[in-house]
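Peer 1: I am sharing upload-v4.cif, which consists of mmCIF, C-alpha atoms:
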```cif
data_final
#
loop_
_atom_site.label_atom_id
_atom_site.label_comp_id
_atom_site.auth_asym_id
_atom_site.auth_seq_id
_atom_site.Cartn_x
_atom_site.Cartn_y
_atom_site.Cartn_z
CA MET A 111 -7.09 6.17 -23.35
CA THR A 112 -7.48 3.36 -20.85
CA ASN A 113 -4.79 1.85 -18.68
CA PRO A 114 -3.28 -1.44 -19.82
CA ARG A 115 -4.54 -4.67 -18.31
CA LEU A 116 -3.04 -5.69 -14.98
CA GLN A 117 0.21 -7.62 -15.29
CA ASN A 118 -1.47 -10.71 -13.90
CA TYR A 119 -4.88 -11.76 -12.62
CA LEU A 120 -3.72 -14.56 -10.32
CA ARG A 121 -5.17 -12.89 -7.22
CA THR A 122 -8.53 -12.38 -8.96
CA HIS A 123 -8.85 -16.01 -9.99
CA ARG A 124 -7.53 -17.35 -6.70
CA ARG A 125 -10.01 -15.34 -4.65
CA ARG A 126 -12.85 -16.12 -7.04
CA PHE A 127 -12.52 -19.76 -6.04
CA GLY A 128 -11.98 -18.93 -2.36
CA LEU A 129 -8.45 -20.32 -2.35
CA SER A 130 -5.71 -19.04 -0.06
CA GLN A 131 -2.13 -18.53 -1.26
CA ALA A 132 -1.19 -21.62 0.78
CA ASP A 133 -3.87 -23.66 -1.04
CA VAL A 134 -2.48 -22.64 -4.43
CA ALA A 135 1.05 -23.39 -3.21
CA ILE A 136 -0.03 -26.95 -2.31
CA LEU A 137 -1.52 -27.40 -5.79
CA LEU A 138 1.66 -26.06 -7.38
CA GLY A 139 3.82 -28.29 -5.21
CA ALA A 140 5.50 -25.27 -3.59
CA ALA A 141 6.63 -25.24 0.04
CA SER A 142 4.54 -22.22 1.11
CA GLY A 143 2.26 -19.46 -0.06
CA THR A 144 5.17 -17.02 -0.16
CA LYS A 145 5.96 -18.00 -3.71
CA VAL A 146 2.36 -17.39 -4.80
CA SER A 147 2.42 -14.03 -3.03
CA ARG A 148 5.55 -13.08 -4.98
CA TYR A 149 3.87 -13.99 -8.27
CA GLU A 150 0.77 -12.01 -7.38
CA ASN A 151 2.73 -8.96 -6.27
CA LEU A 152 4.97 -9.01 -9.33
CA LYS A 153 8.08 -9.65 -7.27
CA ARG A 154 8.85 -12.76 -9.26
CA MET A 155 7.88 -14.17 -12.68
CA PRO A 156 6.89 -17.87 -12.66
CA ASP A 157 8.77 -20.35 -14.84
CA ALA A 158 7.09 -22.24 -17.70
CA VAL A 159 6.19 -25.25 -15.51
CA THR A 160 4.45 -23.00 -12.98
CA VAL A 161 2.64 -21.07 -15.72
CA PHE A 162 1.22 -24.35 -17.10
CA ALA A 163 0.37 -25.46 -13.56
CA LEU A 164 -1.52 -22.20 -12.92
CA GLU A 165 -3.33 -22.61 -16.22
CA ILE A 166 -4.49 -26.07 -15.07
CA VAL A 167 -5.42 -24.91 -11.56
CA PHE A 168 -7.56 -21.96 -12.69
CA ASN A 169 -8.66 -23.45 -16.04
CA GLN A 170 -7.71 -20.20 -17.76
CA PRO A 171 -5.24 -19.68 -20.62
CA ALA A 172 -1.88 -18.24 -19.58
CA ARG A 173 -2.45 -15.22 -21.82
CA GLU A 174 -5.44 -14.34 -19.62
CA LEU A 175 -3.80 -15.12 -16.29
CA PHE A 176 -0.78 -12.98 -17.25
CA ALA A 177 -2.71 -10.53 -19.43
CA GLY A 178 -0.53 -7.45 -18.92
CA SER A 179 2.72 -9.39 -19.38
CA TYR A 180 1.27 -11.02 -22.49
CA ASP A 181 0.28 -7.64 -23.96
CA ALA A 182 3.74 -6.19 -23.26
CA ILE A 183 5.51 -9.20 -24.80
CA ARG A 184 3.21 -9.11 -27.83
CA ALA A 185 3.88 -5.40 -28.37
CA SER A 186 7.66 -5.91 -28.28
CA ILE A 187 7.48 -8.91 -30.65
CA GLN A 188 5.30 -6.93 -33.05
CA GLU A 189 7.86 -4.15 -33.01
CA ARG A 190 10.69 -6.61 -33.79
CA ALA A 191 8.59 -8.27 -36.53
CA ARG A 192 7.97 -4.85 -38.08
CA ARG A 193 11.72 -4.17 -38.16
CA MET A 194 12.46 -7.60 -39.59
CA MET A 195 9.81 -7.12 -42.28
CA LYS A 196 11.36 -3.81 -43.24
CA GLN A 197 14.81 -5.40 -43.50
CA LEU A 198 13.52 -8.30 -45.63
CA SER A 199 11.57 -6.02 -47.94
CA THR A 200 14.52 -3.68 -48.57
CA ARG A 201 16.92 -6.57 -49.42
CA THR A 202 15.41 -7.05 -52.86
CA GLY A 203 18.48 -8.66 -54.43
CA GLN A 204 19.10 -11.12 -51.60
CA GLN A 205 15.61 -12.57 -51.19
CA ASP A 206 15.52 -16.39 -51.19
CA ARG A 207 12.61 -18.76 -51.72
CA ASN A 208 11.66 -18.62 -48.03
CA THR A 209 11.26 -14.85 -47.99
CA PRO A 210 7.56 -14.74 -49.04
CA ARG A 211 6.65 -17.26 -46.31
CA LYS A 212 8.66 -15.32 -43.75
CA LEU A 213 6.93 -12.10 -44.77
CA GLN A 214 3.55 -13.81 -44.50
CA LEU A 215 4.29 -14.88 -40.92
CA LEU A 216 5.71 -11.48 -39.95
CA ASN A 217 2.69 -9.77 -41.43
CA ALA A 218 0.38 -12.01 -39.39
CA ILE A 219 2.32 -11.14 -36.23
CA VAL A 220 2.14 -7.41 -36.92
CA GLU A 221 -1.55 -7.49 -37.85
CA ALA A 222 -2.64 -9.56 -34.82
CA LYS A 223 -5.29 -7.73 -32.81
CA PRO A 224 -4.92 -7.35 -29.06
CA CYS A 225 -6.94 -9.70 -26.92
CA THR A 226 -9.97 -7.99 -25.35
CA ALA A 227 -11.32 -10.84 -23.23
CA ARG A 228 -12.66 -9.93 -19.81
CA HIS A 229 -11.91 -11.78 -16.64
CA ARG A 230 -15.19 -13.44 -16.05
CA MET B 82 -10.33 22.69 -2.91
CA HIS B 83 -10.69 20.62 -6.08
CA ARG B 84 -14.03 18.90 -6.39
CA PRO B 85 -14.67 16.11 -8.92
CA ALA B 86 -17.67 16.33 -11.22
CA PRO B 87 -20.69 14.57 -9.70
CA LEU B 88 -22.52 14.18 -12.99
CA ILE B 89 -21.20 12.10 -15.81
CA MET B 90 -22.18 14.10 -18.83
CA ARG B 91 -20.26 12.23 -21.49
CA VAL B 92 -19.52 8.74 -22.67
CA GLU B 93 -16.79 7.33 -20.48
CA ASP B 94 -15.41 4.08 -21.75
CA GLN B 95 -13.31 3.18 -18.76
CA ARG B 96 -11.77 -0.20 -18.46
CA ARG B 97 -10.93 -0.39 -14.75
CA VAL B 98 -12.90 1.28 -11.95
CA LEU B 99 -11.64 1.42 -8.38
CA ALA B 100 -14.29 2.31 -5.81
CA ILE B 101 -13.38 3.07 -2.21
CA ASP B 102 -15.38 3.36 0.96
CA PRO B 103 -13.47 4.68 3.97
CA PHE B 104 -14.91 3.70 7.34
CA SER B 105 -13.86 4.07 10.95
CA ARG B 106 -11.20 1.34 10.99
CA GLY B 107 -10.04 1.21 7.39
CA VAL B 108 -10.94 1.39 3.74
CA GLY B 109 -13.16 -0.97 1.77
CA PHE B 110 -12.47 -1.26 -1.94
CA ALA B 111 -13.70 -3.00 -5.06
CA VAL B 112 -12.30 -3.04 -8.60
CA LEU B 113 -14.46 -3.68 -11.63
CA GLU B 114 -13.20 -4.22 -15.15
CA GLY B 115 -15.67 -3.73 -17.94
CA ASP B 116 -19.27 -4.03 -16.78
CA ASP B 117 -19.25 -7.10 -14.67
CA ALA B 118 -15.78 -8.48 -14.03
CA LEU B 119 -14.86 -8.09 -10.38
CA VAL B 120 -11.08 -8.05 -10.33
CA ASP B 121 -10.32 -7.35 -6.68
CA TRP B 122 -12.09 -6.47 -3.47
CA GLY B 123 -11.33 -6.29 0.22
CA ILE B 124 -10.69 -4.20 3.30
CA ARG B 125 -7.44 -2.47 4.17
CA SER B 126 -7.26 -1.89 7.87
CA THR B 127 -5.89 1.34 9.31
CA GLY B 128 -6.41 0.28 12.93
CA ARG B 129 -8.25 3.49 13.84
CA ALA B 130 -9.93 6.51 12.28
CA ASP B 131 -6.81 8.06 10.76
CA ASN B 132 -6.87 10.08 7.54
CA GLU B 133 -3.09 9.90 7.13
CA ARG B 134 -3.12 6.11 7.11
CA SER B 135 -6.25 5.94 4.99
CA ALA B 136 -4.71 8.25 2.38
CA ARG B 137 -1.59 6.06 2.28
CA VAL B 138 -3.71 2.92 1.87
CA ILE B 139 -5.68 4.49 -1.00
CA HIS B 140 -2.49 5.72 -2.66
CA LYS B 141 -1.06 2.18 -2.52
CA LEU B 142 -4.26 0.73 -3.99
CA ILE B 143 -4.12 3.17 -6.90
CA THR B 144 -0.44 2.37 -7.52
CA ARG B 145 -1.06 -1.38 -7.51
CA LEU B 146 -4.34 -1.51 -9.41
CA ARG B 147 -3.76 1.40 -11.83
CA PRO B 148 -7.46 2.22 -12.27
CA ASP B 149 -8.83 4.46 -15.02
CA VAL B 150 -11.40 5.92 -12.63
CA LEU B 151 -11.52 6.33 -8.87
CA VAL B 152 -15.06 6.42 -7.53
CA PHE B 153 -16.44 7.29 -4.12
CA GLU B 154 -19.58 8.64 -2.52
CA ASP B 155 -20.52 12.26 -3.13
CA TRP B 156 -19.94 13.74 0.31
CA ASP B 157 -21.70 16.99 -0.67
CA SER B 158 -24.95 15.32 -1.57
CA ASP B 159 -27.91 16.04 0.72
CA ALA B 160 -28.53 12.36 1.32
CA SER B 161 -24.88 11.61 2.18
CA ARG B 162 -24.26 10.86 5.83
CA ARG B 163 -20.45 10.75 5.78
CA CYS B 164 -18.82 12.17 8.89
CA GLY B 165 -16.58 15.23 8.84
CA ARG B 166 -13.39 13.17 8.97
CA VAL B 167 -14.31 11.06 5.93
CA GLU B 168 -15.45 14.18 4.11
CA LEU B 169 -12.02 15.73 4.67
CA LEU B 170 -10.34 12.50 3.56
CA LEU B 171 -12.37 12.29 0.35
CA LYS B 172 -11.65 15.96 -0.45
CA ARG B 173 -7.97 15.29 0.09
CA ILE B 174 -7.99 12.16 -2.09
CA ALA B 175 -9.81 14.03 -4.87
CA ALA B 176 -7.19 16.78 -4.75
CA GLU B 177 -4.11 14.55 -4.44
CA GLU B 178 -5.04 11.69 -6.77
CA GLY B 179 -6.93 13.81 -9.29
CA ALA B 180 -3.75 14.30 -11.31
CA ARG B 181 -3.10 10.54 -11.62
CA VAL B 182 -6.59 9.20 -12.12
CA LEU B 183 -10.02 10.41 -13.18
CA VAL B 184 -12.02 10.95 -9.98
CA ARG B 185 -15.79 10.61 -9.97
CA VAL B 186 -18.34 10.83 -7.17
CA VAL B 187 -21.69 9.12 -7.10
CA ALA B 188 -24.68 10.49 -5.23
CA PRO B 189 -26.60 8.22 -2.80
CA ARG B 190 -29.59 8.69 -5.12
CA GLU B 191 -27.65 6.93 -7.93
CA ILE B 192 -26.44 4.22 -5.55
CA ARG B 193 -30.02 3.36 -4.58
CA ARG B 194 -30.80 2.74 -8.25
CA ILE B 195 -28.49 -0.24 -8.65
CA GLY B 196 -31.35 -2.65 -8.01
CA PRO B 197 -35.11 -2.89 -7.75
CA ARG B 198 -36.96 -1.08 -4.99
CA PRO B 199 -37.57 -1.49 -2.12
CA LEU B 200 -34.62 -3.90 -1.79
CA ALA B 201 -32.03 -1.43 -3.11
CA ALA B 202 -33.21 1.28 -0.72
CA THR B 203 -31.28 -0.25 2.19
CA LYS B 204 -27.59 -1.00 2.57
CA TYR B 205 -28.20 -4.66 3.36
CA GLY B 206 -30.62 -4.96 0.46
CA ARG B 207 -28.01 -3.58 -1.93
CA ALA B 208 -25.37 -5.88 -0.47
CA SER B 209 -27.68 -8.87 -1.07
CA ILE B 210 -28.26 -7.79 -4.68
CA LEU B 211 -24.51 -7.46 -5.23
CA ALA B 212 -23.79 -10.80 -3.54
CA GLU B 213 -26.23 -12.36 -5.98
CA ARG B 214 -24.70 -10.63 -8.98
CA PHE B 215 -21.07 -11.28 -7.94
CA PRO B 216 -20.96 -14.77 -6.40
CA GLU B 217 -17.27 -14.34 -5.52
CA VAL B 218 -18.20 -11.89 -2.72
CA ARG B 219 -21.14 -13.89 -1.40
CA ALA B 220 -18.96 -15.34 1.36
CA TYR B 221 -18.24 -11.80 2.61
CA LEU B 222 -21.89 -10.86 3.13
CA PRO B 223 -22.29 -10.30 6.88
CA PRO B 224 -25.41 -11.39 8.75
CA MET B 225 -28.22 -8.86 8.82
CA ARG B 226 -27.46 -6.15 11.32
CA LYS B 227 -29.66 -5.86 14.39
CA PRO B 228 -30.37 -2.39 15.85
CA TRP B 229 -27.98 -2.97 18.77
CA MET B 230 -25.11 -4.20 16.61
CA PRO B 231 -22.32 -2.04 15.15
CA GLU B 232 -21.91 -2.21 11.39
CA ASP B 233 -19.76 -5.09 10.18
CA ASP B 234 -16.53 -3.94 8.50
CA ARG B 235 -17.27 -6.21 5.53
CA MET B 236 -20.14 -3.93 4.55
CA ALA B 237 -17.47 -1.51 3.28
CA ILE B 238 -16.71 -3.98 0.45
CA PHE B 239 -20.35 -3.97 -0.63
CA ASP B 240 -20.61 -0.19 -0.29
CA ALA B 241 -17.53 0.25 -2.48
CA LEU B 242 -18.90 -2.26 -4.97
CA SER B 243 -22.23 -0.42 -5.07
CA PHE B 244 -20.37 2.85 -5.91
CA ALA B 245 -18.58 1.13 -8.80
CA VAL B 246 -21.79 -0.45 -10.11
CA ALA B 247 -23.67 2.86 -9.76
CA TYR B 248 -20.91 4.68 -11.65
CA ILE B 249 -20.93 2.12 -14.47
CA ARG B 250 -24.72 2.20 -14.59
CA ALA B 251 -24.66 6.01 -14.81
CA THR B 252 -22.08 6.05 -17.62
CA LYS B 253 -24.02 3.41 -19.56
CA LYS B 254 -27.22 5.37 -19.14
CA ASN B 255 -25.54 8.51 -20.42
CA ALA B 256 -23.85 6.56 -23.19
CA LEU B 257 -27.32 5.72 -24.46
CA LEU B 258 -28.46 9.32 -24.08
CA ALA B 259 -25.35 10.50 -25.88
CA LEU B 260 -26.20 8.62 -29.06
CA PRO B 261 -26.42 11.05 -31.99
CA VAL B 262 -29.96 12.21 -32.64
CA ALA B 263 -31.12 11.28 -36.16
#
```
Translate the structure described by the file into structure tokens.
Peer 2:
Amino acid sequence: MTNPRLQNYLRTHRRRFGLSQADVAILLGAASGTKVSRYENLKRMPDAVTVFALEIVFNQPARELFAGSYDAIRASIQERARRMMKQLSTRTGQQDRNTPRKLQLLNAIVEAKPCTARHR
Amino acid sequence: MHRPAPLIMRVEDQRRVLAIDPFSRGVGFAVLEGDDALVDWGIRSTGRADNERSARVIHKLITRLRPDVLVFEDWDSDASRRCGRVELLLKRIAAEEGARVLVRVVAPREIRRIGPRPLAATKYGRASILAERFPEVRAYLPPMRKPWMPEDDRMAIFDALSFAVAYIRATKKNALLALPVA
């Protein structure tokens, strides 16, 4: 059993390009590197705009930059999809014409394999 | 005192490897994921040769990086030249952190095999090989040490990285040996 991926790989990518936290802050339009430090040290979760900005800065998909968070979110969504599938399947009398399509989507969510990409 | 196994006798598919190299003013570390993804590296200063501080630094690194394996030099090996203080520190780390993380030691003999001879026979040679293989640490490669110069602290990063690479190399080698015989 291996440990899950790190919650984020911002520090890895930043240092790979020789950038300081202040450099990244300038690119993000933030006042100082403190904000970047908080993201790296998991003290704060960036908003959607910042996530897209980081994706552009490091040219890496958000699911790779925030690998651990992505895995945790995916696991909880899969769990909810599993429950929803169960509910839909047991309601045999109340199924409407959208039910098969819903089940198809839920099945795809549940069956999705975890991402195994390395940070290279 | 608990002592980690020096030989890796089974297939170890470990995702994240944290290697540490304590030195007189701090601890050098490197984290590898998979075979060749360098996730983090650096030096944590302790100010002076202090096992208490070094142990705290290593504990923090393990908490933050959550490695599957903690690797360091085999202090018991004949070729190891670690001082008594570092030996005590490594023994302590193996005993304290052994419950949280798999601890492995690599012998200097294994470390010298990370590259072609005669380059990999010297510390600087190994550091050059690693700087070539991991361009992200190239900027940290200190100038070649002259006989009258003390060792640059940055060498601890390359030493730690060489432990991680040697460990991965050893597990891969044994993974091949461990293939079922037809």
Peer 1: Using only C-alpha atoms, find the residues of chain B whose closest atom to chain A is at most 7 Å away, then write them as an MDAnalysis selection string.
Peer 2: chainID B and resid 95:96 118 120:121 147:149 217
Peer 1: Might you pull out every residue within 12 Å of Val182 of chain B, with all atoms listed in the file counted and same-chain residues fewer than 4 positions away left off, and present them as a PyMOL selection string?
Peer 2: (chain A and resi 111-113) or (chain B and resi 85+95+97-99+140+142-144+146-152+174-178)
Peer 1: Using all atoms listed in the file, can you tell me which of B:Lys227, B:Lys204, B:Arg235, B:Arg193 comes closest to Arg250 of chain B?
Peer 2: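 Of B:Lys227, B:Lys204, B:Arg235, B:Arg193, the one nearest Arg250 of chain B is B:Arg193, counting all atoms listed in the file.
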Peer 1: Which is closest to Thr209 of chain A among A:Ser147, A:Met194, A:Lys223, A:Lys153, if we use only C-alpha atoms?
Peer 2: A:Met194
Peer 1: Find the residue from B:Ala188, B:Leu113, B:Val108, B:Ala202 that sits nearest to Thr127 of chain B; use only C-alpha atoms when measuring.
Peer 2: B:Val108
